[in-house]
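Shown next: final-v1.cif, containing mmCIF, C-alpha atoms.
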data_entry
#
loop_
_atom_site.label_atom_id
_atom_site.label_comp_id
_atom_site.auth_asym_id
_atom_site.auth_seq_id
_atom_site.Cartn_x
_atom_site.Cartn_y
_atom_site.Cartn_z
CA MET A 1 21.71 20.80 15.49
CA GLY A 2 24.15 17.94 14.96
CA LYS A 3 23.86 14.40 16.17
CA LYS A 4 26.28 15.06 19.03
CA GLU A 5 24.22 18.06 20.14
CA TYR A 6 21.08 15.90 20.38
CA SER A 7 22.88 13.39 22.56
CA ASN A 8 24.37 16.21 24.75
CA ILE A 9 20.95 17.56 25.79
CA GLY A 10 20.50 14.81 28.35
CA ASP A 11 24.08 15.29 29.57
CA ASP A 12 23.46 19.04 30.07
CA ILE A 13 20.39 18.31 32.16
CA LYS A 14 22.31 15.71 34.19
CA ASP A 15 25.08 18.28 34.89
CA ILE A 16 22.51 20.83 36.06
CA ILE A 17 20.95 18.29 38.41
CA GLN A 18 24.34 17.15 39.73
CA ASP A 19 25.37 20.76 40.48
CA ALA A 20 22.12 21.34 42.34
CA LEU A 21 22.58 18.19 44.41
CA SER A 22 26.21 19.01 45.19
CA SER A 23 25.41 22.55 46.32
CA THR A 24 21.99 21.65 47.84
CA ASP A 25 20.74 24.79 46.06
CA PHE A 26 17.58 23.97 44.10
CA LYS A 27 16.49 27.58 43.50
CA LYS A 28 17.84 27.83 39.95
CA LEU A 29 17.21 24.20 39.06
CA ASN A 30 13.90 24.89 37.29
CA GLN A 31 15.30 27.99 35.54
CA ASN A 32 18.37 26.15 34.22
CA ILE A 33 16.35 23.18 32.96
CA THR A 34 13.86 25.56 31.29
CA GLU A 35 16.67 27.41 29.52
CA THR A 36 18.09 24.10 28.26
CA VAL A 37 14.68 23.03 26.96
CA ASN A 38 14.09 26.38 25.23
CA ARG A 39 17.52 26.24 23.63
CA ALA A 40 16.80 22.74 22.30
CA LEU A 41 13.42 23.79 20.91
CA GLU A 42 14.99 26.84 19.27
CA GLU A 43 17.44 24.53 17.48
CA VAL A 44 14.50 22.45 16.28
CA LYS A 45 12.86 25.57 14.83
CA LYS A 46 16.11 26.60 13.14
CA SER A 47 16.45 23.16 11.55
CA THR A 48 12.90 23.43 10.23
CA ARG A 49 13.50 26.91 8.82
CA ASN A 50 16.75 25.84 7.15
CA TRP A 51 14.91 23.02 5.38
CA ASN A 52 12.50 25.50 3.71
CA GLU A 53 14.84 28.45 3.14
CA GLY A 54 17.59 26.93 1.03
CA LYS A 55 17.06 29.49 -1.74
CA ASP A 56 17.76 32.40 0.66
CA TYR A 57 21.31 31.13 1.10
CA SER A 58 21.83 31.24 -2.67
CA LYS A 59 20.55 34.84 -2.77
CA GLN A 60 22.88 35.83 0.06
CA TYR A 61 25.78 34.25 -1.76
CA LYS A 62 24.85 36.13 -4.93
CA ASN A 63 24.62 39.42 -3.02
CA ILE A 64 28.10 38.87 -1.59
CA ASN A 65 29.45 38.51 -5.13
CA ASN A 66 27.63 41.68 -6.24
CA LYS A 67 28.93 43.65 -3.27
CA SER A 68 32.49 42.53 -3.94
CA LYS A 69 32.33 44.27 -7.33
CA THR A 70 31.67 47.72 -5.74
CA TYR A 71 35.08 48.05 -4.07
CA ASP A 72 36.91 51.16 -5.34
CA ARG A 73 40.39 50.00 -4.41
CA PRO A 74 42.15 46.72 -5.19
CA MET A 75 41.99 44.23 -2.35
CA GLU A 76 45.13 43.26 -0.58
CA PHE A 77 46.02 39.60 -0.99
CA THR A 78 45.12 38.80 2.62
CA ASP A 79 41.69 40.51 2.30
CA TYR A 80 40.92 38.64 -0.91
CA GLU A 81 41.88 35.35 0.70
CA THR A 82 39.57 36.03 3.66
CA VAL A 83 36.58 36.94 1.47
CA GLU A 84 37.20 34.04 -0.91
CA THR A 85 37.43 31.55 1.94
CA LYS A 86 34.23 32.91 3.44
CA GLU A 87 32.40 32.71 0.10
CA LEU A 88 33.63 29.17 -0.56
CA LYS A 89 32.52 27.99 2.85
CA GLN A 90 29.11 29.60 2.43
CA ASN A 91 28.81 28.12 -1.06
CA LYS A 92 29.61 24.62 0.25
CA THR A 93 27.06 25.05 3.04
CA VAL A 94 24.36 26.10 0.56
CA GLU A 95 25.26 23.22 -1.76
CA LYS A 96 25.13 20.68 1.05
CA GLN A 97 21.77 21.94 2.36
CA ASN A 98 20.14 22.13 -1.07
CA ASN A 99 21.60 18.97 -2.61
CA TYR A 100 18.90 16.64 -1.27
CA ARG A 101 16.11 19.12 -2.14
CA SER A 102 17.33 19.56 -5.73
CA ILE A 103 17.20 15.79 -6.28
CA ALA A 104 13.78 15.54 -4.65
CA ASN A 105 12.43 18.35 -6.84
CA LYS A 106 13.54 16.49 -9.98
CA LYS A 107 11.52 13.50 -8.82
CA THR A 108 8.23 15.31 -8.18
CA ASN A 109 5.54 12.95 -6.93
CA LEU A 110 8.15 10.21 -6.47
CA ILE A 111 10.12 11.24 -3.35
CA THR A 112 8.63 13.06 -0.37
CA LYS A 113 10.15 16.43 0.50
CA SER A 114 9.33 15.95 4.18
CA PRO A 115 10.49 12.45 5.19
CA HIS A 116 8.59 10.70 7.95
CA GLY A 117 10.47 11.10 11.25
CA ARG A 118 12.43 14.25 10.39
CA ILE A 119 10.65 16.43 12.97
CA SER A 120 9.01 13.78 15.14
CA GLY A 121 12.33 12.00 15.66
CA MET A 122 13.96 15.25 16.73
CA LEU A 123 11.17 16.03 19.20
CA LEU A 124 11.23 12.53 20.66
CA ILE A 125 14.95 12.87 21.35
CA VAL A 126 14.57 16.32 22.92
CA PHE A 127 11.59 15.59 25.15
CA GLY A 128 12.81 12.09 25.94
CA SER A 129 16.11 13.52 27.15
CA ILE A 130 14.31 16.15 29.20
CA GLY A 131 12.06 13.50 30.70
CA MET A 132 15.05 11.36 31.58
CA GLY A 133 16.66 14.26 33.38
CA LEU A 134 13.52 15.16 35.29
CA ALA A 135 12.90 11.53 36.23
CA ILE A 136 16.41 11.28 37.64
CA VAL A 137 15.96 14.57 39.55
CA PHE A 138 12.69 13.51 41.12
CA SER A 139 14.06 10.06 41.93
CA LEU A 140 16.95 11.61 43.83
CA ALA A 141 14.61 14.07 45.48
CA VAL A 142 12.34 11.25 46.63
CA LEU A 143 15.30 9.38 48.10
CA ILE A 144 16.51 12.50 49.92
CA LEU A 145 13.05 13.30 51.30
CA ALA A 146 12.54 9.68 52.33
CA ASN A 147 15.72 9.83 54.42
CA VAL A 148 14.78 13.18 55.93
CA ILE A 149 11.16 12.44 56.88
CA HIS A 150 11.64 8.69 57.29
CA ALA A 151 8.87 7.80 54.84
CA SER A 152 7.42 4.30 54.78
CA MET A 153 8.90 1.76 52.38
CA GLY A 154 5.52 1.24 50.71
CA SER A 155 5.10 4.85 49.62
CA LEU A 156 8.78 5.03 48.66
CA GLU A 157 8.47 1.97 46.43
CA VAL A 158 5.36 3.37 44.72
CA SER A 159 7.04 6.71 44.06
CA LEU A 160 10.26 5.20 42.78
CA GLY A 161 8.35 2.65 40.70
CA THR A 162 6.39 5.43 39.00
CA LEU A 163 9.54 7.44 38.34
CA LEU A 164 11.39 4.42 37.00
CA PHE A 165 8.47 3.73 34.65
CA ILE A 166 8.63 7.34 33.41
CA LEU A 167 12.41 7.01 33.02
CA ALA A 168 12.01 3.82 30.97
CA LEU A 169 9.36 5.53 28.84
CA CYS A 170 11.67 8.48 28.17
CA ILE A 171 14.54 6.15 27.28
CA GLY A 172 12.18 4.50 24.82
CA MET A 173 11.32 7.93 23.36
CA VAL A 174 15.00 8.72 22.84
CA ALA A 175 15.62 5.33 21.26
CA LYS A 176 12.61 5.73 18.96
CA GLY A 177 13.66 9.24 18.02
CA SER A 178 17.19 8.08 17.23
CA SER A 179 15.75 5.28 15.10
CA LEU A 180 13.55 7.71 13.15
CA ARG A 181 16.41 10.16 12.64
CA GLY A 182 18.64 7.31 11.50
CA ARG A 183 16.03 6.23 8.95
CA VAL A 184 15.79 9.80 7.61
CA LYS A 185 19.57 9.90 7.26
CA ARG A 186 19.59 6.59 5.36
CA PHE A 187 16.69 7.81 3.21
CA ARG A 188 18.73 10.83 2.11
CA GLN A 189 21.69 8.57 1.35
CA TYR A 190 19.45 6.38 -0.81
CA VAL A 191 18.16 9.45 -2.67
CA GLN A 192 21.71 10.69 -3.23
CA ARG A 193 22.65 7.27 -4.60
CA LEU A 194 19.66 7.22 -6.96
CA LYS A 195 20.63 10.56 -8.53
CA ASP A 196 18.31 11.05 -11.53
CA HIS A 197 17.66 7.35 -12.13
CA PRO A 198 14.19 5.79 -11.59
CA PHE A 199 15.76 2.61 -10.20
CA CYS A 200 18.87 1.40 -8.42
CA GLU A 201 20.35 -1.96 -7.52
CA ILE A 202 19.90 -2.86 -3.85
CA LYS A 203 23.54 -3.84 -3.38
CA GLU A 204 24.62 -0.37 -4.57
CA LEU A 205 22.49 1.16 -1.80
CA ALA A 206 23.81 -1.30 0.79
CA GLU A 207 27.54 -0.84 0.17
CA PRO A 208 27.90 2.76 1.51
CA LEU A 209 25.98 1.80 4.67
CA GLY A 210 28.06 -1.29 5.35
CA ARG A 211 24.84 -3.30 5.56
CA ASN A 212 23.69 -6.42 3.75
CA SER A 213 21.01 -6.37 1.05
CA LYS A 214 18.45 -8.07 3.29
CA TYR A 215 18.63 -5.19 5.79
CA VAL A 216 18.32 -2.56 3.06
CA VAL A 217 15.31 -4.30 1.47
CA LYS A 218 13.53 -4.35 4.85
CA ASP A 219 14.51 -0.71 5.41
CA LEU A 220 13.21 0.36 1.98
CA LYS A 221 9.93 -1.52 2.42
CA LYS A 222 9.32 0.40 5.65
CA MET A 223 10.12 3.70 3.89
CA ILE A 224 7.69 2.83 1.10
CA GLN A 225 5.06 1.89 3.68
CA VAL A 226 5.29 5.28 5.46
CA GLY A 227 5.26 7.20 2.16
CA MET A 228 8.87 8.32 1.82
CA PHE A 229 9.03 6.84 -1.70
CA LEU A 230 5.56 7.77 -2.97
CA GLN A 231 5.50 5.24 -5.83
CA GLY A 232 8.26 2.99 -4.55
CA HIS A 233 8.50 -0.71 -5.33
CA ILE A 234 10.93 -3.55 -4.64
CA ASP A 235 11.11 -6.01 -7.50
CA GLU A 236 10.01 -9.62 -6.95
CA ASP A 237 13.60 -10.86 -6.64
CA GLY A 238 14.53 -8.17 -4.10
CA LEU A 239 17.35 -6.91 -6.32
CA TYR A 240 16.15 -3.44 -7.36
CA LEU A 241 14.48 -0.37 -5.86
CA LEU A 242 12.12 1.24 -8.40
CA ILE A 243 10.73 4.62 -7.39
CA SER A 244 7.95 4.96 -10.00
CA ASP A 245 5.03 2.82 -11.11
CA GLU A 246 6.22 3.19 -14.71
CA ALA A 247 9.68 1.83 -13.90
CA TYR A 248 8.16 -1.05 -11.92
CA GLU A 249 5.82 -1.98 -14.79
CA ALA A 250 8.69 -1.83 -17.31
CA ASN A 251 10.78 -4.07 -15.05
CA ARG A 252 7.89 -6.52 -14.66
CA LYS A 253 7.32 -6.72 -18.42
CA MET A 254 11.03 -7.18 -19.08
CA LYS A 255 11.19 -10.08 -16.61
CA GLU A 256 8.02 -11.61 -18.03
CA GLY A 257 9.49 -11.40 -21.53
CA LYS A 258 12.74 -12.95 -20.31
CA ARG A 259 10.79 -15.75 -18.63
CA LEU A 260 8.80 -16.50 -21.78
CA GLN A 261 11.97 -16.38 -23.84
CA ASP A 262 13.68 -18.85 -21.51
CA GLU A 263 10.65 -21.16 -21.62
CA GLU A 264 10.58 -21.04 -25.43
CA GLN A 265 14.30 -21.73 -25.58
CA LYS A 266 13.88 -24.75 -23.28
CA ARG A 267 10.99 -25.99 -25.40
CA GLN A 268 13.03 -25.64 -28.59
CA GLU A 269 15.94 -27.47 -26.98
CA GLU A 270 13.60 -30.28 -25.91
CA VAL A 271 12.12 -30.49 -29.40
CA GLN A 272 15.58 -30.59 -30.94
CA ARG A 273 16.69 -33.26 -28.47
CA GLN A 274 13.62 -35.34 -29.26
CA ARG A 275 14.28 -34.98 -32.99
CA VAL A 276 17.81 -36.29 -32.54
CA ILE A 277 16.39 -39.30 -30.71
CA ASP A 278 13.70 -39.81 -33.34
CA ARG A 279 16.17 -39.68 -36.21
CA SER A 280 17.98 -42.66 -34.73
CA ASN A 281 14.75 -44.61 -35.24
CA PRO A 282 14.16 -45.37 -38.97
CA ASP A 283 10.37 -45.10 -38.64
CA MET A 284 10.52 -41.81 -36.75
CA LYS A 285 13.12 -40.50 -39.21
CA ALA A 286 10.59 -40.95 -42.02
CA VAL A 287 7.98 -39.07 -40.01
CA GLN A 288 10.41 -36.24 -39.26
CA ASP A 289 11.36 -35.96 -42.94
CA VAL A 290 7.68 -35.55 -43.84
CA ILE A 291 7.21 -32.89 -41.16
CA ASP A 292 10.34 -30.98 -42.21
CA GLU A 293 9.17 -30.99 -45.83
CA GLY A 294 5.74 -29.79 -44.78
CA GLN A 295 7.18 -26.93 -42.70
CA GLN A 296 9.32 -25.87 -45.65
CA THR A 297 6.19 -25.72 -47.84
CA ILE A 298 4.35 -23.68 -45.21
CA ARG A 299 7.20 -21.15 -45.09
CA GLN A 300 7.12 -20.77 -48.89
CA ILE A 301 3.34 -20.21 -48.88
CA ARG A 302 3.68 -17.61 -46.10
CA LYS A 303 6.41 -15.75 -48.01
CA ALA A 304 4.31 -15.67 -51.19
CA ASN A 305 1.33 -14.48 -49.18
CA ASN A 306 3.35 -11.60 -47.76
CA ASP A 307 4.48 -10.56 -51.25
CA ILE A 308 0.97 -10.63 -52.79
CA PRO A 309 -1.00 -7.46 -51.92
CA GLY A 310 -4.46 -8.67 -52.97
CA GLU A 311 -6.81 -9.12 -50.00
CA ALA A 312 -8.98 -11.86 -51.53
CA ILE A 313 -6.10 -14.19 -52.43
CA SER A 314 -4.36 -13.41 -49.12
CA ASN A 315 -7.40 -14.60 -47.18
CA LYS A 316 -7.41 -17.86 -49.17
CA LEU A 317 -3.68 -18.37 -48.56
CA ASP A 318 -4.14 -17.66 -44.83
CA ARG A 319 -6.78 -20.38 -44.72
CA LEU A 320 -4.53 -22.74 -46.70
CA GLU A 321 -1.60 -22.18 -44.32
CA ILE A 322 -3.77 -22.90 -41.26
CA VAL A 323 -5.15 -26.15 -42.71
CA ILE A 324 -1.73 -27.46 -43.83
CA THR A 325 -0.22 -26.57 -40.43
CA LYS A 326 -2.96 -28.51 -38.64
CA ILE A 327 -2.41 -31.52 -40.92
CA PHE A 328 1.28 -31.72 -40.04
CA VAL A 329 0.61 -31.15 -36.34
CA TYR A 330 -1.72 -34.16 -36.47
CA ILE A 331 0.89 -36.23 -38.33
CA GLU A 332 3.52 -35.34 -35.73
CA GLU A 333 1.19 -36.51 -32.95
CA ASN A 334 0.03 -39.59 -34.91
CA PRO A 335 3.03 -40.95 -36.89
CA LYS A 336 1.05 -44.01 -38.04
CA GLU A 337 -0.93 -41.75 -40.41
CA VAL A 338 2.15 -40.94 -42.54
CA PRO A 339 1.24 -43.50 -45.28
CA GLU A 340 -2.16 -41.81 -45.62
CA ILE A 341 -0.66 -38.52 -46.80
CA ARG A 342 1.81 -39.82 -49.38
CA LYS A 343 -0.37 -38.65 -52.28
CA PHE A 344 -0.93 -35.37 -50.46
CA MET A 345 2.83 -34.91 -50.09
CA ASN A 346 3.84 -36.16 -53.55
CA TYR A 347 1.24 -34.45 -55.72
CA TYR A 348 -1.36 -32.20 -54.07
CA LEU A 349 1.02 -30.10 -52.01
CA PRO A 350 3.67 -29.51 -54.75
CA THR A 351 0.93 -28.65 -57.28
CA THR A 352 -0.65 -26.20 -54.83
CA LEU A 353 2.71 -24.54 -54.19
CA LYS A 354 3.30 -24.27 -57.95
CA LEU A 355 -0.07 -22.51 -58.45
CA VAL A 356 0.73 -20.06 -55.64
CA LYS A 357 4.10 -19.18 -57.20
CA VAL A 358 2.51 -18.71 -60.65
CA TYR A 359 -0.03 -16.33 -59.11
CA GLN A 360 2.78 -14.48 -57.31
CA ASP A 361 4.78 -14.03 -60.54
CA MET A 362 1.75 -12.86 -62.53
CA ASP A 363 0.67 -10.47 -59.81
CA ALA A 364 4.12 -8.86 -59.91
CA GLU A 365 3.77 -8.00 -63.62
CA PRO A 366 3.40 -4.23 -64.12
CA ILE A 367 0.85 -4.65 -66.92
CA GLN A 368 -2.12 -6.81 -66.00
CA GLY A 369 -3.43 -8.04 -69.37
CA ALA A 370 -6.55 -10.11 -70.03
CA ASN A 371 -4.72 -13.46 -69.99
CA ILE A 372 -2.99 -12.64 -66.71
CA MET A 373 -6.25 -11.51 -65.10
CA ALA A 374 -8.07 -14.66 -66.31
CA THR A 375 -5.32 -16.97 -65.06
CA LYS A 376 -5.23 -15.25 -61.68
CA LYS A 377 -9.00 -15.53 -61.35
CA GLU A 378 -8.89 -19.23 -62.21
CA ILE A 379 -6.17 -19.83 -59.59
CA GLU A 380 -8.20 -17.94 -56.97
CA GLU A 381 -11.22 -20.17 -57.65
CA THR A 382 -9.02 -23.28 -57.58
CA MET A 383 -7.66 -22.25 -54.17
CA ASP A 384 -11.20 -22.57 -52.75
CA THR A 385 -11.38 -26.13 -54.09
CA ILE A 386 -7.93 -26.97 -52.68
CA ASN A 387 -8.78 -25.55 -49.25
CA HIS A 388 -12.01 -27.53 -49.13
CA ALA A 389 -10.18 -30.75 -50.15
CA PHE A 390 -7.44 -30.26 -47.54
CA GLU A 391 -10.05 -29.59 -44.85
CA ASN A 392 -11.78 -32.86 -45.79
CA LEU A 393 -8.43 -34.63 -45.55
CA LEU A 394 -7.87 -33.22 -42.06
CA ASP A 395 -11.40 -34.14 -41.01
CA GLY A 396 -10.86 -37.70 -42.31
CA PHE A 397 -8.01 -38.17 -39.87
CA TYR A 398 -10.53 -37.90 -37.04
CA GLU A 399 -12.87 -40.52 -38.50
CA ASP A 400 -11.40 -43.33 -36.42
CA THR A 401 -11.44 -41.11 -33.35
CA ALA A 402 -15.11 -40.29 -33.93
CA LEU A 403 -15.89 -43.98 -34.36
CA ASP A 404 -14.06 -44.86 -31.16
CA VAL A 405 -15.92 -42.14 -29.26
CA SER A 406 -19.26 -43.31 -30.67
CA THR A 407 -18.47 -46.89 -29.66
CA ASP A 408 -17.47 -45.82 -26.16
CA ILE A 409 -20.69 -43.82 -25.76
CA SER A 410 -22.79 -46.77 -26.95
CA VAL A 411 -21.08 -49.15 -24.53
CA LEU A 412 -21.47 -46.67 -21.68
CA ASN A 413 -25.21 -46.22 -22.36
CA THR A 414 -25.67 -50.02 -22.44
CA MET A 415 -23.90 -50.45 -19.11
CA LEU A 416 -25.90 -47.65 -17.48
CA ALA A 417 -29.15 -49.18 -18.75
CA GLN A 418 -28.20 -52.58 -17.35
CA GLU A 419 -27.55 -51.02 -13.96
CA GLY A 420 -30.86 -49.16 -14.08
CA LEU A 421 -29.16 -45.76 -13.99
CA THR A 422 -30.59 -44.20 -17.16
CA LYS A 423 -33.29 -41.55 -17.21
CA LYS A 424 -35.95 -44.04 -18.41
CA ASP A 425 -35.50 -46.13 -15.29
CA PHE A 426 -36.55 -43.21 -13.10
CA GLU A 427 -39.72 -42.29 -15.02
#
Rewrite the structure of this file - the entire thing - as structure tokens.
Amino acid sequence: MGKKEYSNIGDDIKDIIQDALSSTDFKKLNQNITETVNRALEEVKKSTRNWNEGKDYSKQYKNINNKSKTYDRPMEFTDYETVETKELKQNKTVEKQNNYRSIANKKTNLITKSPHGRISGMLLIVFGSIGMGLAIVFSLAVLILANVIHASMGSLEVSLGTLLFILALCIGMVAKGSSLRGRVKRFRQYVQRLKDHPFCEIKELAEPLGRNSKYVVKDLKKMIQVGMFLQGHIDEDGLYLLISDEAYEANRKMKEGKRLQDEEQKRQEEVQRQRVIDRSNPDMKAVQDVIDEGQQTIRQIRKANNDIPGEAISNKLDRLEIVITKIFVYIEENPKEVPEIRKFMNYYLPTTLKLVKVYQDMDAEPIQGANIMATKKEIEETMDTINHAFENLLDGFYEDTALDVSTDISVLNTMLAQEGLTKKDFE
């Protein structure tokens, strides 16, 4: 039943009523309305059967092809044209009816095969139209009877008020049914647009409808809410429809990664901008030179560590890299400490890097002789000493901080005691 046929049901009932009123013959009124209702319900049943019997059309089409092969005589051109046209039309009908189902089957557990409102919308239109017709009939009948028997205005108003309420209710049913059927139609258009993809841009869904993206987003959210897209999601920006949890999670992770990447890029740009400013200051330029040199040393230690397979030495180099990194982080935050690490920068750090490179070269030798093994062992033991010394250097940077904290605590305790707020004062 097409859209025009749904809207003509009410018109058919109105015509029946008008004929009865014109002829003042109400004998066949009930019979004619009943036939109209039964015809409408039969169309509903046919629509339901067609939804579930798409494969039967394909079989019929196949049987037609098989039968065409059994002809004993050549077809005349006109006969062939008639059969071919019939087969093509039937093939197009089958393709049109099964197109939505084939897409839905490919997206098992993602798209419902029975969209919300497909049947209920149809029934609301049918029964709403019937109710409208009956309400009009009874309203006219009440008016006629009121004129004939001279009924009181009070009873007439009650009767007409009730019928008008029923009429309004039926109009609402038709409107609701049309809305549901319209949503089902848009749902199928969305599915057709998705094809085999797990996501689609909202504006691509909006263009064929002639609607804006805001309308389509609201429409899709309602469809997701009533279970038409079983795992449907709208992304946070309202730009994409994603019909599976997996696609939504992948989209979320991609956006999170992009956000972190943008934040890191902004941070790097800020650091670079600050370095440009610092280099214009002679004192800060000296600090930045120290930090750059330290970072270069850290990169060389990390590269050597990656090239050396031994677990024991790798653990020592990991520890060394962490300590040196922390030292330069502290220097960057406290530029006044640069003079304190001159010896560290000019002797300890270059010597340490030299030992690491010697170990790396010896470890790469294919034949590990006694001298090589002894030298490597001595370097490994020395690395423990170096790590301990560098940790003491880092700890020494916090000596002034510890002293300041201790002084602040002492002053605070003295002030609390003077105010009588310490624990002793309450004992």
Practice problem: In Å, rounded to a single decimal, give me how far CA of Thr385 (chain A) is from CA of Asp318 (chain A). | Solution: 14.5 Å
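Of the residues under consideration (A:Arg183, A:Leu349, A:Gly172, A:Ser129), A:Leu349 shows the shortest atom-to-atom contact distance to Ala389 (chain A) when counting all atoms listed in the file.
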Practice problem: Report as a ChimeraX atom specification the residues that result from applying the PyMOL selection byres ((chain A and resi 208) around 10) to the structure here. | Solution: /A:186,189-190,193,203-207,209-211
Self-check item: Between CA of Glu378 (chain A) and CA of Leu393 (chain A), distance in Å (one decimal)
Solution: 22.7 Å
Quiz item: Just how far from CA of Val338 (chain A) is CA of Val290 (chain A), in Å to one decimal?
Solution: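 These atoms are spaced 7.8 Å apart.
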